[in-house]
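Novice: Please find one structure pasted underneath; my questions will follow.
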Amino acid sequence: MKPAQSPEYAKMSQASAISLGLMGGRMYRGAVNRCVNLLVHYPEGCAANCAYCGLARKRPGTFEEKSFIHVEWPVYSMSKITAAINSAPDYIQRTCISMITNGKCCAHTLDMTKKLKQETDLPVSLLISPTILKKQDLVEMKEAGADKIGIAIDLATPELFDRFRGKGVGGPHSWEKYWEILAQGLEIFGHPHVGVHLMVGMGETEKDMAALMDRLWKRGVVSHLFSFFAEEASVLAERPQPPWPSYLRVQLARYLIEEGIAEFQDMTFDANGRITTFGIDTDHLQSIISLGTPFMTTGCLGSDGQVACNRPFGNCLPDVKQWNYPYLPNEEETTLIRRSLFMDV
Ligand code: SF4
């Protein structure tokens, strides 16, 4: 019997499966995943070998066994998925298909996008794999009905990219190809429909990350922040998460840049590249911290204009201290953020 695989089947994040009612359970503080996060699925898996990724080719385990961002990804048929979307609660605002580095993946992602657009009313994002794409593929993705794309550049500098995704791990990815597809994606999808995933905690400085987010924003690209969170048995299994205060500062810098409140050049940094001032006065900064929104997950928006892709607990364990809040932080959490933000780590 042919194994369950794309395009007839897809993996779904556990948080999406719980939020759609396909799996039982309740998440910490009643969090819900407002996006149906799907992942293409093949028995042979992904051909790339990114050092931090649970799906990496050289990580032990079959593709069925491999987890991705720490959680289970149950496999469902696309028919079951579209039926679940059609009876989903109103808070579910978007579907996303994540590609992997596999030659069959582009054609199958197009098929799956068309099916989702024909059979459901939700907008569809694609988290694309630049290494296996050319410009015409992006045109066809838009024609198939996707309205947004995400590109997981992940690393803040070309050197780190090459070390963790390219030659350093015998992987196929190149920084130049990612930026070429990013530029073409912008031509085709336009602002604000192109987002970049960036991962904090890979050896970059806060200054590197702030400079990159500013550069991207000035080109019309939004940054979706992630924190490194080691995958068991991956090459970086022993690497710690980035210090929480450092992650909070990068989140705050992103918010200020993308809300047009401050730019990279207004901010100051110490000799280790840590952000020391954000380029606005203290009272204004404190009022922005109190909003709590700068510390929420950033991702593709839903048709209600709010972040749909809020990936609950995708890069940390549920706790008052979170590296991306999937909901507005409450008073206890905001107080903790304010106390920790300027800690010297
Ligand atoms: S941020 Fe957008 S592209 Fe990235 S995983 Fe979420 S919905 Fe997909």
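In the structure tokens, chains take the letters A, B, ... in the order shown, each chain's residues start at 1, and ligands count up from 1 in the order shown.
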Residues of region 1-185 of chain A classed as strand (DSSP E or B) by DSSP on the backbone are to be reported as a PyMOL selection string.
Specialist: chain A and resi 9-12+35-39+68+71+75-77+94-98+124-128+146-154
Novice: Can you list every residue of chain A that has an atom at most 6 Å from ligand 1, with its nearest atom pair and the distance in Å to one decimal, using only C-alpha atoms and all ligand atoms, ordered by chain then number, as JSON lines?
Specialist:
```
{"residue": "A:Cys96", "atom": "CA", "partner": "ligand 1", "partner_atom_place_in_ligand_line": "8 (Fe)", "distance": 4.6}
{"residue": "A:Ser125", "atom": "CA", "partner": "ligand 1", "partner_atom_place_in_ligand_line": "7 (S)", "distance": 5.3}
{"residue": "A:Leu126", "atom": "CA", "partner": "ligand 1", "partner_atom_place_in_ligand_line": "3 (S)", "distance": 5.3}
{"residue": "A:Leu127", "atom": "CA", "partner": "ligand 1", "partner_atom_place_in_ligand_line": "3 (S)", "distance": 4.2}
{"residue": "A:Ile149", "atom": "CA", "partner": "ligand 1", "partner_atom_place_in_ligand_line": "3 (S)", "distance": 5.3}
{"residue": "A:Gly150", "atom": "CA", "partner": "ligand 1", "partner_atom_place_in_ligand_line": "3 (S)", "distance": 3.7}
{"residue": "A:Gly299", "atom": "CA", "partner": "ligand 1", "partner_atom_place_in_ligand_line": "1 (S)", "distance": 3.6}
{"residue": "A:Cys300", "atom": "CA", "partner": "ligand 1", "partner_atom_place_in_ligand_line": "2 (Fe)", "distance": 4.1}
{"residue": "A:Cys309", "atom": "CA", "partner": "ligand 1", "partner_atom_place_in_ligand_line": "6 (Fe)", "distance": 4.5}
```
Novice: Would you please work out which residue, of A:Gln241, A:Ser290, A:Leu186, A:Lys167, is nearest to Pro329 (chain A) when using only C-alpha atoms?
Specialist: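 Among A:Gln241, A:Ser290, A:Leu186, A:Lys167, it is A:Ser290 that comes nearest to Pro329 (chain A).
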Novice: Any chance you could list, as a ChimeraX atom specification, the residues in region 27-140 of chain A that come up alpha helix (DSSP H) when DSSP is run on the backbone?
Specialist: /A:78-86,105-119,135-140
Novice: How about saving the chosen residues, C-alpha atoms kept, as a compact mmCIF listing (two decimals), in the first residue's frame?
Specialist:
```
# COMPACT_ATOMS: atom_id res chain seq x y z
CA MET A 78 -6.23 16.71 3.04
CA SER A 79 -9.95 15.85 2.90
CA LYS A 80 -10.05 15.54 6.67
CA ILE A 81 -8.12 18.79 6.99
CA THR A 82 -10.43 20.79 4.73
CA ALA A 83 -13.50 19.36 6.51
CA ALA A 84 -12.02 20.35 9.90
CA ILE A 85 -11.25 23.87 8.63
CA ASN A 86 -14.83 24.23 7.42
CA CYS A 105 7.45 19.42 -2.91
CA CYS A 106 6.80 22.42 -5.17
CA ALA A 107 4.24 20.71 -7.44
CA HIS A 108 2.53 19.13 -4.44
CA THR A 109 2.40 22.41 -2.52
CA LEU A 110 0.63 23.95 -5.52
CA ASP A 111 -1.91 21.09 -5.56
CA MET A 112 -2.53 21.42 -1.83
CA THR A 113 -2.89 25.20 -2.07
CA LYS A 114 -5.49 24.85 -4.84
CA LYS A 115 -7.44 22.31 -2.82
CA LEU A 116 -7.44 24.53 0.27
CA LYS A 117 -8.53 27.56 -1.78
CA GLN A 118 -11.28 25.62 -3.58
CA GLU A 119 -12.67 23.91 -0.52
CA LYS A 135 10.74 32.72 -9.95
CA GLN A 136 8.05 31.04 -12.06
CA ASP A 137 7.19 28.79 -9.11
CA LEU A 138 6.38 31.88 -7.06
CA VAL A 139 4.12 33.16 -9.84
CA GLU A 140 2.29 29.81 -9.82
```
Novice: Quick one: residues within 7 Å of region 325-328 of chain A, only C-alpha atoms counted, chain neighbours fewer than 3 positions away excluded, as a ChimeraX atom specification?
Specialist: /A:31,292-293,295-297,310-312,322
Novice: Given only C-alpha atoms as the basis, pick out the residue of A:Tyr52, A:Tyr76, A:Tyr28, A:Phe313 nearest to Val169 (chain A).
Specialist: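 Using only C-alpha atoms, Val169 (chain A) sits closest to A:Tyr52.
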Novice: Measuring atom to atom with only C-alpha atoms, identify which of A:Ser340, A:Asn272, A:Ser227, A:Ser234 is nearest to Tyr247 (chain A).
Specialist: A:Ser227
Novice: Just the residues within 8 Å of Asn37 (chain A), please, counting only C-alpha atoms, with nothing from its chain fewer than 3 positions along; format it as a PyMOL selection string.
Specialist: chain A and resi 12-13+16+95-98+309
Novice: With all heavy atoms retained, could you export that selection as a compact mmCIF listing (two decimals), in the first residue's frame?
Specialist:
```
# COMPACT_ATOMS: atom_id res chain seq x y z
N MET A 12 0.25 18.00 10.55
CA MET A 12 -0.34 19.20 11.15
C MET A 12 0.27 19.39 12.53
O MET A 12 0.46 18.41 13.27
CB MET A 12 -1.87 19.02 11.28
CG MET A 12 -2.56 20.25 11.85
SD MET A 12 -4.33 19.96 12.15
CE MET A 12 -4.98 19.84 10.50
N SER A 13 0.58 20.63 12.91
CA SER A 13 1.17 20.84 14.24
C SER A 13 0.16 20.42 15.30
O SER A 13 -1.06 20.52 15.11
CB SER A 13 1.57 22.30 14.44
OG SER A 13 0.44 23.09 14.74
N SER A 16 -2.25 23.09 16.22
CA SER A 16 -3.34 23.26 15.25
C SER A 16 -4.36 22.15 15.41
O SER A 16 -5.58 22.40 15.35
CB SER A 16 -2.79 23.24 13.82
OG SER A 16 -1.95 24.32 13.58
N THR A 95 -4.46 29.33 6.97
CA THR A 95 -3.78 28.03 6.85
C THR A 95 -2.39 28.30 6.28
O THR A 95 -2.21 29.23 5.48
CB THR A 95 -4.55 27.10 5.89
OG1 THR A 95 -5.90 26.98 6.34
CG2 THR A 95 -3.94 25.71 5.85
N CYS A 96 -1.41 27.52 6.69
CA CYS A 96 -0.06 27.65 6.13
C CYS A 96 0.46 26.27 5.78
O CYS A 96 0.31 25.32 6.55
CB CYS A 96 0.88 28.31 7.14
SG CYS A 96 2.57 28.43 6.50
N ILE A 97 1.08 26.17 4.60
CA ILE A 97 1.77 24.92 4.23
C ILE A 97 3.27 25.19 4.28
O ILE A 97 3.77 26.08 3.58
CB ILE A 97 1.40 24.46 2.81
CG1 ILE A 97 -0.12 24.37 2.62
CG2 ILE A 97 2.07 23.11 2.51
CD1 ILE A 97 -0.53 24.11 1.17
N SER A 98 3.98 24.42 5.09
CA SER A 98 5.45 24.52 5.12
C SER A 98 6.03 23.50 4.16
O SER A 98 5.71 22.31 4.24
CB SER A 98 6.00 24.19 6.51
OG SER A 98 5.69 25.19 7.41
N CYS A 309 -0.79 33.44 12.77
CA CYS A 309 0.19 32.38 13.02
C CYS A 309 0.90 32.65 14.35
O CYS A 309 1.99 33.20 14.39
CB CYS A 309 1.19 32.33 11.88
SG CYS A 309 2.33 30.95 12.06
```
Novice: As an exercise, work out the distance from CA of Leu155 (chain A) to CA of Ser174 (chain A) in Å and give it to one decimal place.
Specialist: 11.3 Å
Novice: CA of Asp154 (chain A) and CA of Glu238 (chain A), how far apart in Å?
Specialist: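 Between CA of Glu238 (chain A) and CA of Asp154 (chain A) the gap works out to 18.9 Å.
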Novice: Would you work out the distance separating CA of Glu259 (chain A) from CA of Asn315 (chain A), expressed in Å to one decimal?
Specialist: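 Between these atoms lies a distance of 24.1 Å.
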